[in-house]
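S.K.: One file is attached below, final-v6.tsv, containing TSV, C-alpha atoms and all ligand atoms.
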```
chain	number	residue	atom	x	y	z
F	1	MET	CA	177.59	189.60	219.72
F	2	ARG	CA	180.84	191.21	218.58
F	3	VAL	CA	183.65	188.68	218.55
F	4	ALA	CA	187.34	189.37	217.92
F	5	VAL	CA	189.68	186.57	216.90
F	6	ILE	CA	193.33	187.50	217.21
F	7	GLY	CA	195.61	185.44	214.97
F	8	ALA	CA	194.31	184.34	211.56
F	9	GLY	CA	196.27	181.09	211.23
F	10	ILE	CA	195.05	177.50	211.12
F	11	MET	CA	193.04	177.84	214.32
F	12	GLY	CA	192.02	181.50	214.23
F	13	SER	CA	190.55	181.30	210.73
F	14	GLY	CA	188.45	178.27	211.69
F	15	ILE	CA	187.25	179.82	214.95
F	16	ALA	CA	186.31	183.03	213.11
F	17	GLN	CA	184.34	181.02	210.56
F	18	LEU	CA	182.47	179.28	213.37
F	19	ALA	CA	181.67	182.57	215.11
F	20	ALA	CA	180.38	184.23	211.93
F	21	THR	CA	178.37	181.12	211.04
F	22	ALA	CA	176.75	181.23	214.48
F	23	GLY	CA	175.51	184.77	213.76
F	24	HIS	CA	178.16	186.84	215.53
F	25	THR	CA	179.89	189.81	213.97
F	26	CYS	CA	183.46	188.63	213.85
F	27	VAL	CA	186.60	190.68	213.26
F	28	VAL	CA	189.84	188.81	212.75
F	29	GLY	CA	193.12	190.59	213.49
F	30	ASP	CA	196.56	189.44	212.39
F	31	VAL	CA	199.89	191.24	212.01
F	32	SER	CA	200.50	189.48	208.70
F	33	GLU	CA	198.62	190.59	205.57
F	34	GLN	CA	199.60	187.29	204.02
F	35	ALA	CA	197.98	185.35	206.89
F	36	LEU	CA	194.81	187.42	206.52
F	37	GLU	CA	194.64	186.65	202.82
F	38	ALA	CA	195.22	182.95	203.47
F	39	ALA	CA	192.52	182.99	206.16
F	40	ARG	CA	190.01	184.57	203.78
F	41	ALA	CA	190.81	181.96	201.12
F	42	SER	CA	190.58	179.09	203.59
F	43	ILE	CA	187.23	180.30	204.97
F	44	ASP	CA	185.84	180.74	201.43
F	45	LYS	CA	186.94	177.22	200.56
F	46	SER	CA	185.56	175.70	203.75
F	47	LEU	CA	182.17	177.42	203.34
F	48	ALA	CA	181.99	176.27	199.71
F	49	ARG	CA	182.67	172.72	200.87
F	50	LEU	CA	179.89	172.93	203.49
F	51	VAL	CA	177.45	174.22	200.86
F	52	LYS	CA	178.43	171.41	198.50
F	53	ALA	CA	177.90	168.87	201.27
F	54	GLY	CA	174.43	170.29	201.96
F	55	ARG	CA	175.36	171.44	205.46
F	56	MET	CA	174.50	175.08	204.74
F	57	THR	CA	172.77	176.93	201.92
F	58	ALA	CA	174.53	179.28	199.52
F	59	ALA	CA	172.55	182.15	201.08
F	60	GLU	CA	173.73	181.21	204.59
F	61	SER	CA	177.29	181.06	203.37
F	62	ALA	CA	176.97	184.52	201.79
F	63	GLN	CA	175.43	185.92	205.00
F	64	THR	CA	178.25	184.40	207.05
F	65	LEU	CA	180.79	186.26	204.91
F	66	THR	CA	179.02	189.58	205.46
F	67	ARG	CA	179.52	189.14	209.23
F	68	LEU	CA	183.25	188.58	208.83
F	69	GLU	CA	185.92	191.26	208.68
F	70	LEU	CA	189.69	190.89	208.52
F	71	THR	CA	192.16	193.56	209.56
F	72	ALA	CA	195.88	194.05	210.14
F	73	SER	CA	195.11	196.33	213.09
F	74	ILE	CA	194.81	194.35	216.31
F	75	ALA	CA	193.35	197.39	218.10
F	76	ASP	CA	190.64	197.75	215.44
F	77	ALA	CA	189.87	194.03	215.62
F	78	ALA	CA	189.42	194.07	219.38
F	79	ALA	CA	187.73	197.47	219.76
F	80	GLY	CA	184.46	197.00	221.59
F	81	ALA	CA	184.56	193.19	221.36
F	82	GLU	CA	182.41	191.29	223.86
F	83	VAL	CA	184.30	188.07	223.27
F	84	VAL	CA	187.97	187.82	222.30
F	85	VAL	CA	189.58	184.56	221.25
F	86	GLU	CA	193.36	184.74	221.06
F	87	ALA	CA	194.98	182.27	218.62
F	88	VAL	CA	198.51	183.62	218.10
F	89	PRO	CA	201.56	181.31	218.20
F	90	GLU	CA	202.23	179.26	221.32
F	91	ARG	CA	204.62	181.64	223.12
F	92	LEU	CA	203.92	182.87	226.61
F	93	ASP	CA	205.41	186.36	226.12
F	94	LEU	CA	203.49	186.86	222.88
F	95	LYS	CA	200.17	185.71	224.31
F	96	ARG	CA	200.65	187.95	227.37
F	97	ALA	CA	201.46	190.99	225.21
F	98	VAL	CA	198.62	190.42	222.75
F	99	LEU	CA	195.99	189.81	225.44
F	100	SER	CA	196.95	192.84	227.50
F	101	GLU	CA	196.82	195.06	224.40
F	102	VAL	CA	193.48	193.60	223.44
F	103	ALA	CA	191.96	193.86	226.93
F	104	ARG	CA	192.58	197.62	226.89
F	105	VAL	CA	190.37	198.23	223.85
F	106	ALA	CA	187.78	195.44	224.11
F	107	SER	CA	184.54	195.95	225.99
F	108	ALA	CA	185.23	196.51	229.73
F	109	ASP	CA	183.69	193.16	230.66
F	110	ALA	CA	184.81	191.21	227.57
F	111	LEU	CA	185.28	187.48	227.85
F	112	LEU	CA	188.93	186.72	227.06
F	113	GLY	CA	189.65	183.25	225.70
F	114	THR	CA	193.06	181.84	224.86
F	115	ASN	CA	193.38	178.91	222.49
F	116	THR	CA	196.67	177.78	224.01
F	117	SER	CA	197.35	174.05	223.66
F	118	GLN	CA	199.36	173.76	226.83
F	119	LEU	CA	200.55	177.03	228.35
F	120	SER	CA	199.42	177.95	231.83
F	121	ILE	CA	196.28	180.10	231.80
F	122	THR	CA	197.35	181.54	235.14
F	123	SER	CA	200.74	182.62	233.73
F	124	ILE	CA	199.17	184.15	230.63
F	125	GLY	CA	196.77	186.04	232.92
F	126	THR	CA	199.49	187.70	234.99
F	127	SER	CA	199.79	190.46	232.38
F	128	LEU	CA	196.11	191.29	232.71
F	129	GLY	CA	195.81	192.61	236.27
F	130	ASP	CA	192.16	192.59	237.36
F	131	ALA	CA	191.08	191.39	233.92
F	132	ALA	CA	192.68	187.98	234.68
F	133	GLY	CA	189.31	186.94	236.13
F	134	ARG	CA	187.88	187.20	232.63
F	135	LEU	CA	190.54	184.99	231.04
F	136	VAL	CA	189.82	181.32	230.36
F	137	GLY	CA	191.50	178.60	228.31
F	138	MET	CA	189.33	177.95	225.26
F	139	HIS	CA	191.02	175.03	223.56
F	140	PHE	CA	189.58	174.30	220.12
F	141	PHE	CA	190.85	171.37	218.05
F	142	ASN	CA	192.15	171.26	214.52
F	143	PRO	CA	190.22	171.78	212.26
F	144	PRO	CA	187.94	173.89	214.48
F	145	VAL	CA	185.02	173.79	212.04
F	146	MET	CA	184.89	169.99	212.10
F	147	MET	CA	186.09	169.03	215.59
F	148	ARG	CA	183.27	168.91	218.09
F	149	LEU	CA	185.15	169.50	221.33
F	150	VAL	CA	186.13	172.66	223.15
F	151	GLU	CA	188.15	172.12	226.31
F	152	LEU	CA	187.71	175.00	228.75
F	153	VAL	CA	190.53	175.49	231.20
F	154	ARG	CA	190.27	177.38	234.41
F	155	GLY	CA	193.21	179.51	235.56
F	156	LEU	CA	193.72	180.29	239.22
F	157	ALA	CA	192.07	183.70	238.76
F	158	THR	CA	189.30	182.65	236.34
F	159	ALA	CA	185.90	183.71	237.71
F	160	ASP	CA	182.91	181.34	237.82
F	161	GLN	CA	181.01	183.73	235.60
F	162	THR	CA	183.80	183.66	233.01
F	163	LEU	CA	183.61	179.89	232.82
F	164	ALA	CA	179.81	180.02	232.45
F	165	ARG	CA	180.05	182.64	229.68
F	166	ALA	CA	182.73	180.65	227.87
F	167	ARG	CA	180.55	177.55	227.99
F	168	GLU	CA	177.59	179.45	226.59
F	169	PHE	CA	179.73	180.92	223.81
F	170	ALA	CA	181.31	177.58	222.81
F	171	GLU	CA	177.98	175.74	222.95
F	172	GLY	CA	176.52	178.51	220.78
F	173	LEU	CA	179.14	177.58	218.18
F	174	GLY	CA	177.76	174.04	218.25
F	175	LYS	CA	180.56	172.57	220.34
F	176	GLN	CA	180.52	170.08	223.18
F	177	VAL	CA	182.33	171.49	226.21
F	178	VAL	CA	184.48	169.81	228.83
F	179	VAL	CA	186.02	171.69	231.74
F	180	CYS	CA	189.49	171.19	233.10
F	181	ARG	CA	188.96	172.57	236.58
F	182	LYS	CA	192.62	173.17	237.35
F	183	ASP	CA	195.36	174.85	235.39
F	184	SER	CA	197.47	171.77	234.95
F	185	PRO	CA	199.96	171.23	232.08
F	186	GLY	CA	198.45	169.20	229.24
F	187	PHE	CA	194.93	169.89	230.53
F	188	LEU	CA	192.81	166.76	229.84
F	189	THR	CA	193.28	166.05	226.14
F	190	SER	CA	196.99	166.70	225.63
F	191	ARG	CA	197.85	164.43	228.55
F	192	VAL	CA	195.84	161.56	227.12
F	193	SER	CA	197.16	161.92	223.58
F	194	ALA	CA	200.78	162.30	224.77
F	195	ILE	CA	200.67	159.16	226.90
F	196	LEU	CA	198.96	157.09	224.20
F	197	ARG	CA	201.59	158.08	221.64
F	198	LEU	CA	204.39	157.37	224.12
F	199	GLU	CA	203.12	153.85	224.70
F	200	CYS	CA	202.98	153.31	220.92
F	201	LEU	CA	206.57	154.56	220.67
F	202	ARG	CA	207.70	152.21	223.42
F	203	MET	CA	206.06	149.26	221.65
F	204	LEU	CA	207.70	150.29	218.36
F	205	GLU	CA	211.12	150.55	220.00
F	206	GLU	CA	210.64	147.19	221.76
F	207	GLY	CA	210.12	145.70	218.27
F	208	LEU	CA	206.62	144.48	219.07
F	209	ALA	CA	205.16	145.50	215.73
F	210	SER	CA	205.63	147.83	212.76
F	211	ALA	CA	204.53	151.48	212.98
F	212	GLU	CA	201.81	150.67	210.49
F	213	ASP	CA	200.43	147.77	212.57
F	214	ILE	CA	200.52	149.80	215.78
F	215	ASP	CA	198.59	152.62	214.10
F	216	THR	CA	196.14	150.18	212.53
F	217	ALA	CA	195.58	148.47	215.89
F	218	VAL	CA	194.71	151.75	217.60
F	219	LYS	CA	192.54	152.98	214.71
F	220	LEU	CA	190.47	149.84	214.40
F	221	ALA	CA	190.33	148.76	218.03
F	222	PHE	CA	189.44	152.17	219.43
F	223	ASN	CA	187.85	153.84	216.44
F	224	HIS	CA	190.48	156.58	216.16
F	225	PRO	CA	190.51	158.30	212.75
F	226	MET	CA	194.33	158.39	212.71
F	227	GLY	CA	196.96	156.30	214.43
F	228	PRO	CA	199.07	158.02	217.15
F	229	LEU	CA	202.33	157.61	215.20
F	230	GLU	CA	200.81	158.88	211.98
F	231	LEU	CA	199.38	161.85	213.87
F	232	GLY	CA	202.81	162.51	215.41
F	233	ASP	CA	204.28	162.72	211.90
F	234	PHE	CA	201.46	165.04	210.88
F	235	ASN	CA	201.97	167.49	213.77
F	236	GLY	CA	205.78	167.31	213.84
F	237	LEU	CA	207.91	165.15	216.15
F	238	ASP	CA	209.89	168.18	217.41
F	239	THR	CA	206.61	169.69	218.63
F	240	TYR	CA	205.71	166.40	220.27
F	241	LEU	CA	209.10	166.08	222.00
F	242	GLU	CA	208.75	169.61	223.37
F	243	ALA	CA	205.28	168.76	224.65
F	244	VAL	CA	206.30	165.54	226.44
F	245	ASP	CA	209.36	167.23	227.95
F	246	GLY	CA	207.02	169.87	229.39
F	247	LEU	CA	204.63	167.21	230.67
F	248	ALA	CA	207.49	165.21	232.22
F	249	ALA	CA	208.66	168.32	234.07
F	250	ALA	CA	205.14	168.80	235.43
F	251	HIS	CA	203.90	165.25	236.01
F	252	GLY	CA	207.03	163.12	236.25
F	253	ASP	CA	208.62	160.16	234.60
F	254	ARG	CA	205.56	158.63	233.02
F	255	PHE	CA	205.90	161.28	230.30
F	256	ARG	CA	209.63	160.72	229.80
F	257	ALA	CA	210.46	160.78	226.06
F	258	THR	CA	211.93	157.60	224.61
F	259	ILE	CA	215.51	157.52	223.34
F	260	GLY	CA	214.19	156.66	219.89
F	261	LEU	CA	212.11	159.83	219.77
F	262	ARG	CA	215.08	161.96	220.83
F	263	ASN	CA	217.22	160.33	218.15
F	264	MET	CA	214.63	160.95	215.45
F	265	VAL	CA	214.39	164.62	216.36
F	266	ALA	CA	218.20	164.97	216.56
F	267	ALA	CA	218.43	163.44	213.08
F	268	GLY	CA	215.84	165.87	211.69
F	269	ARG	CA	213.27	163.13	211.07
F	270	LEU	CA	210.43	165.34	212.18
F	271	GLY	CA	207.60	163.72	210.23
F	272	ARG	CA	205.73	164.94	207.19
F	273	LYS	CA	207.36	168.38	207.13
F	274	THR	CA	210.86	166.92	206.63
F	275	GLY	CA	209.79	163.99	204.46
F	276	GLN	CA	210.55	161.36	207.09
F	277	GLY	CA	209.29	160.41	210.52
F	278	PHE	CA	207.72	157.08	211.40
F	279	TYR	CA	206.78	156.99	207.72
F	280	ARG	CA	208.24	158.52	204.56
F	281	TYR	CA	206.56	161.29	202.55
F	282	ALA	CA	206.85	162.68	199.03
F	283	SER	CA	207.48	166.42	198.60
F	284	ASP	CA	203.73	167.06	198.26
F	285	GLY	CA	203.18	165.47	201.68
F	286	THR	CA	201.64	162.19	200.48
F	287	ARG	CA	202.78	159.11	202.33
F	288	GLN	CA	205.10	156.76	200.49
F	289	PRO	CA	204.38	153.05	200.54
F	290	GLU	CA	206.71	150.94	202.71
F	291	GLY	CA	209.93	150.05	200.90
F	292	ALA	CA	209.36	152.56	198.06
S	1	LIG	N1	197.37	173.84	215.01
S	1	LIG	C1	196.78	173.06	215.89
S	1	LIG	O1	196.58	171.85	215.65
S	1	LIG	C2	196.33	173.62	217.22
S	1	LIG	C3	195.33	172.93	217.94
S	1	LIG	C4	194.86	173.49	219.14
S	1	LIG	C5	195.42	174.67	219.62
S	1	LIG	N2	196.41	175.31	218.90
S	1	LIG	C6	196.95	176.56	219.45
S	1	LIG	O2	196.36	177.64	218.74
S	1	LIG	C7	197.27	178.74	218.69
S	1	LIG	C8	197.46	179.13	217.25
S	1	LIG	O3	197.95	178.03	216.54
S	1	LIG	P1	197.86	177.93	214.94
S	1	LIG	O4	198.16	176.52	214.62
S	1	LIG	O5	196.61	178.56	214.45
S	1	LIG	O6	199.11	178.85	214.54
S	1	LIG	P2	199.41	179.57	213.17
S	1	LIG	O7	200.86	179.79	213.12
S	1	LIG	O8	198.72	178.88	212.04
S	1	LIG	O9	198.68	181.01	213.35
S	1	LIG	C9	199.09	182.00	214.23
S	1	LIG	C10	198.79	183.36	213.61
S	1	LIG	O10	199.07	184.38	214.56
S	1	LIG	C11	199.61	185.49	213.86
S	1	LIG	N3	200.31	186.35	214.78
S	1	LIG	C12	201.60	186.29	215.20
S	1	LIG	N4	201.86	187.31	216.05
S	1	LIG	C13	200.71	188.02	216.17
S	1	LIG	C14	200.34	189.18	216.90
S	1	LIG	N5	201.22	189.81	217.70
S	1	LIG	N6	199.08	189.64	216.78
S	1	LIG	C15	198.19	189.03	215.96
S	1	LIG	N7	198.48	187.91	215.25
S	1	LIG	C16	199.73	187.43	215.35
S	1	LIG	C17	200.48	184.87	212.79
S	1	LIG	O11	200.70	185.80	211.71
S	1	LIG	C18	199.65	183.66	212.37
S	1	LIG	O12	198.80	183.97	211.27
S	1	LIG	C19	198.53	178.25	219.40
S	1	LIG	O13	198.50	178.65	220.74
S	1	LIG	C20	198.44	176.75	219.28
S	1	LIG	O14	199.14	176.08	220.31
S	1	LIG	C21	196.85	174.81	217.71
```
As a first step, turn the structure in this file into structure tokens.
M.R.:
Amino acid sequence: MRVAVIGAGIMGSGIAQLAATAGHTCVVGDVSEQALEAARASIDKSLARLVKAGRMTAAESAQTLTRLELTASIADAAAGAEVVVEAVPERLDLKRAVLSEVARVASADALLGTNTSQLSITSIGTSLGDAAGRLVGMHFFNPPVMMRLVELVRGLATADQTLARAREFAEGLGKQVVVCRKDSPGFLTSRVSAILRLECLRMLEEGLASAEDIDTAVKLAFNHPMGPLELGDFNGLDTYLEAVDGLAAAHGDRFRATIGLRNMVAAGRLGRKTGQGFYRYASDGTRQPEGA
């Protein structure tokens, strides 16, 4: 199948690698030459790692690369595509514009997937006219090559057949699929992770335990690879605050941000990217020991 991935960032490059590995011809389009170069380098590195780990042969890795093309022309990337996965930044206007441009040149019945983390599929689809029936939320997780889940999200206009095709495509990439049947902010996964982190924040602000102990408790008791506070630092606390504010507007007070979180964001303690969040970080991003 011919697959177009639009946006060659963290998510797009991983999704493109998955598609090419699964045997599809995959063209990645991005407006930034620099992003395309970085995507190529990151895919090369990831494939080399998989070969080293014995998860694919050197020949399979080389074949995967022959199925992959990168271009700065979005129209060229999408031309004739049977599946399009959009992974441009999380802005409604941008996603609408990119998808409507892409839908014009892709195959007339192309499956249109958006990798939005939390925007409304229905709202994104309003720019697509009749093609909105072919749009579905296709939420991959970071890093896409390693994370097993794809959360499919149904917009108001999404057709049954679109959902079935999206499932087949994602399963063909080796993913396990869950379906969020309604276009509801936070879908399934973002709601759960937001509420878990909020409860950890509340416990921290009540002085129940240190950030480290709260993270350790969640990691070891529930087998999470990272603690919720640590993960918040990793993704950026400004991003998290924006997400919970959006969820509170949609679902009510149970997603209300804590005062402590608002203060941290106001003070620029945004996590790893600013050197301080729940923990402190050196300039190369490594976590500093407590009290250092
Ligand atoms: N990073 C994550 O952990 C994560 C997880 C799940 C979903 N998502 C979602 O995936 C999407 C992409 O996120 P990301 O982290 O890969 O972002 P990113 O910033 O790493 O990549 C986005 C890419 O889109 C490109 N781009 C911008 N405008 C474009 C245009 N008009 N046409 C083509 N390309 C354009 C940028 O140059 C950039 O390379 C977002 O909707 C995000 O919410 C991200």
S.K.: Residues within 8 Å of ligand LIG 1 (chain S), counting all atoms listed in the file: report them as an MDAnalysis selection string.
M.R.: chainID F and resid 6:13 29:32 34:36 74 86:91 94:95 97:98 114:118 139:143 235
S.K.: Using C-alpha atoms, can you export the residues from the last selection as a PDB file, keeping the file's coordinate frame?
M.R.:
```pdb
ATOM      1  CA  ILE F   6     193.330 187.500 217.210  1.00  0.00           C
ATOM      2  CA  GLY F   7     195.610 185.440 214.970  1.00  0.00           C
ATOM      3  CA  ALA F   8     194.310 184.340 211.560  1.00  0.00           C
ATOM      4  CA  GLY F   9     196.270 181.090 211.230  1.00  0.00           C
ATOM      5  CA  ILE F  10     195.050 177.500 211.120  1.00  0.00           C
ATOM      6  CA  MET F  11     193.040 177.840 214.320  1.00  0.00           C
ATOM      7  CA  GLY F  12     192.020 181.500 214.230  1.00  0.00           C
ATOM      8  CA  SER F  13     190.550 181.300 210.730  1.00  0.00           C
ATOM      9  CA  GLY F  29     193.120 190.590 213.490  1.00  0.00           C
ATOM     10  CA  ASP F  30     196.560 189.440 212.390  1.00  0.00           C
ATOM     11  CA  VAL F  31     199.890 191.240 212.010  1.00  0.00           C
ATOM     12  CA  SER F  32     200.500 189.480 208.700  1.00  0.00           C
ATOM     13  CA  GLN F  34     199.600 187.290 204.020  1.00  0.00           C
ATOM     14  CA  ALA F  35     197.980 185.350 206.890  1.00  0.00           C
ATOM     15  CA  LEU F  36     194.810 187.420 206.520  1.00  0.00           C
ATOM     16  CA  ILE F  74     194.810 194.350 216.310  1.00  0.00           C
ATOM     17  CA  GLU F  86     193.360 184.740 221.060  1.00  0.00           C
ATOM     18  CA  ALA F  87     194.980 182.270 218.620  1.00  0.00           C
ATOM     19  CA  VAL F  88     198.510 183.620 218.100  1.00  0.00           C
ATOM     20  CA  PRO F  89     201.560 181.310 218.200  1.00  0.00           C
ATOM     21  CA  GLU F  90     202.230 179.260 221.320  1.00  0.00           C
ATOM     22  CA  ARG F  91     204.620 181.640 223.120  1.00  0.00           C
ATOM     23  CA  LEU F  94     203.490 186.860 222.880  1.00  0.00           C
ATOM     24  CA  LYS F  95     200.170 185.710 224.310  1.00  0.00           C
ATOM     25  CA  ALA F  97     201.460 190.990 225.210  1.00  0.00           C
ATOM     26  CA  VAL F  98     198.620 190.420 222.750  1.00  0.00           C
ATOM     27  CA  THR F 114     193.060 181.840 224.860  1.00  0.00           C
ATOM     28  CA  ASN F 115     193.380 178.910 222.490  1.00  0.00           C
ATOM     29  CA  THR F 116     196.670 177.780 224.010  1.00  0.00           C
ATOM     30  CA  SER F 117     197.350 174.050 223.660  1.00  0.00           C
ATOM     31  CA  GLN F 118     199.360 173.760 226.830  1.00  0.00           C
ATOM     32  CA  HIS F 139     191.020 175.030 223.560  1.00  0.00           C
ATOM     33  CA  PHE F 140     189.580 174.300 220.120  1.00  0.00           C
ATOM     34  CA  PHE F 141     190.850 171.370 218.050  1.00  0.00           C
ATOM     35  CA  ASN F 142     192.150 171.260 214.520  1.00  0.00           C
ATOM     36  CA  PRO F 143     190.220 171.780 212.260  1.00  0.00           C
ATOM     37  CA  ASN F 235     201.970 167.490 213.770  1.00  0.00           C
TER      38      ASN F 235
END
```
S.K.: What is the atom CA of F:Glu151 to atom CA of F:Phe187 distance in Å?
M.R.: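 These atoms are spaced 8.3 Å apart.
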S.K.: Pick out the residues sitting within 9 Å of F:Leu135, and hand them over as a PyMOL selection string; count only C-alpha atoms, and ignore anything fewer than 3 positions along from it in its own chain.
M.R.: chain F and resi 111-114+121-122+124-125+128+131-132+154-155+157-159+162-163
S.K.: For F:Arg167, which residue among F:Ala110, F:Val105, F:Arg269, F:Val179 is the nearest when counting all atoms listed in the file?
M.R.: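 Using all atoms listed in the file, the shortest distance to F:Arg167 belongs to F:Val179.
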S.K.: Using only C-alpha atoms, pick whichever of F:Pro185, F:Ala266, F:Glu206, F:Thr57 has the shortest atom-to-atom distance to F:Asp245.
M.R.: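 Residue with the minimum atom-to-atom distance to F:Asp245: F:Pro185.
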S.K.: Rounded to one decimal place, report the atom CA of F:Tyr240-atom CA of F:Glu212 distance in Å.
M.R.: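 It comes out at 18.9 Å.
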S.K.: Quick one: pull the distance between atom CA of F:Gly260 and atom CA of F:Tyr281, Å, one decimal.
M.R.: 19.5 Å
S.K.: List as a PDB file with C-alpha atoms, in the coordinates of the input: which residues have an atom within 10 Å of (206.9, 158.5, 215.9), counting only C-alpha atoms?
M.R.:
```pdb
ATOM      1  CA  ARG F 197     201.590 158.080 221.640  1.00  0.00           C
ATOM      2  CA  LEU F 198     204.390 157.370 224.120  1.00  0.00           C
ATOM      3  CA  CYS F 200     202.980 153.310 220.920  1.00  0.00           C
ATOM      4  CA  LEU F 201     206.570 154.560 220.670  1.00  0.00           C
ATOM      5  CA  ARG F 202     207.700 152.210 223.420  1.00  0.00           C
ATOM      6  CA  LEU F 204     207.700 150.290 218.360  1.00  0.00           C
ATOM      7  CA  GLU F 205     211.120 150.550 220.000  1.00  0.00           C
ATOM      8  CA  ALA F 211     204.530 151.480 212.980  1.00  0.00           C
ATOM      9  CA  PRO F 228     199.070 158.020 217.150  1.00  0.00           C
ATOM     10  CA  LEU F 229     202.330 157.610 215.200  1.00  0.00           C
ATOM     11  CA  GLU F 230     200.810 158.880 211.980  1.00  0.00           C
ATOM     12  CA  LEU F 231     199.380 161.850 213.870  1.00  0.00           C
ATOM     13  CA  GLY F 232     202.810 162.510 215.410  1.00  0.00           C
ATOM     14  CA  ASP F 233     204.280 162.720 211.900  1.00  0.00           C
ATOM     15  CA  PHE F 234     201.460 165.040 210.880  1.00  0.00           C
ATOM     16  CA  GLY F 236     205.780 167.310 213.840  1.00  0.00           C
ATOM     17  CA  LEU F 237     207.910 165.150 216.150  1.00  0.00           C
ATOM     18  CA  TYR F 240     205.710 166.400 220.270  1.00  0.00           C
ATOM     19  CA  LEU F 241     209.100 166.080 222.000  1.00  0.00           C
ATOM     20  CA  GLY F 260     214.190 156.660 219.890  1.00  0.00           C
ATOM     21  CA  LEU F 261     212.110 159.830 219.770  1.00  0.00           C
ATOM     22  CA  MET F 264     214.630 160.950 215.450  1.00  0.00           C
ATOM     23  CA  VAL F 265     214.390 164.620 216.360  1.00  0.00           C
ATOM     24  CA  ARG F 269     213.270 163.130 211.070  1.00  0.00           C
ATOM     25  CA  LEU F 270     210.430 165.340 212.180  1.00  0.00           C
ATOM     26  CA  GLY F 271     207.600 163.720 210.230  1.00  0.00           C
ATOM     27  CA  GLN F 276     210.550 161.360 207.090  1.00  0.00           C
ATOM     28  CA  GLY F 277     209.290 160.410 210.520  1.00  0.00           C
ATOM     29  CA  PHE F 278     207.720 157.080 211.400  1.00  0.00           C
ATOM     30  CA  TYR F 279     206.780 156.990 207.720  1.00  0.00           C
TER      31      TYR F 279
END
```
S.K.: Applying 12 Å and all atoms listed in the file, which residues near F:Arg55 remain after dropping the ones on its own chain fewer than 6 positions away? List them as a PyMOL selection string.
M.R.: chain F and resi 21+46-49+61+145-146
S.K.: Would you mind telling me which residue in F:Leu188, F:Met203, F:Leu70, F:Val84 lies nearest to F:Arg2 when using only C-alpha atoms?
M.R.: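 Using only C-alpha atoms, the shortest distance to F:Arg2 belongs to F:Val84.
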S.K.: Centre and edge lengths, as lines of an AutoDock Vina configuration file, for the axis-aligned box enclosing every listed atom of stretch 257-276 of chain F with 8 Å of padding on each of the six sides, in Å to one decimal?
M.R.:
```
center_x = 212.1
center_y = 162.5
center_z = 215.3
size_x = 28.7
size_y = 27.7
size_z = 37.6
```
S.K.: When you look at F:Asp160 with a cut-off of 10 Å (counting only C-alpha atoms), what residues show up, excluding the ones that are within fewer than 5 positions of it in the same chain? I need them as a list in words.
M.R.: Gly133, Arg134, Arg154, Arg165 and Ala166 of chain F
S.K.: Which is closer to F:Asn263 than all the others in F:Ile43, F:Asp238, F:Ser123, F:Asp213, using all atoms listed in the file?
M.R.: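 That would be F:Asp238, the residue with the smallest distance to F:Asn263.
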S.K.: Please provide as a VMD selection string all residues within 8 Å of stretch 246-256 of chain F, with the sequence filter that same-chain residues fewer than 4 positions apart are discarded (counting all atoms listed in the file).
M.R.: chain F and resid 185 to 186 191 194 to 195 198 242
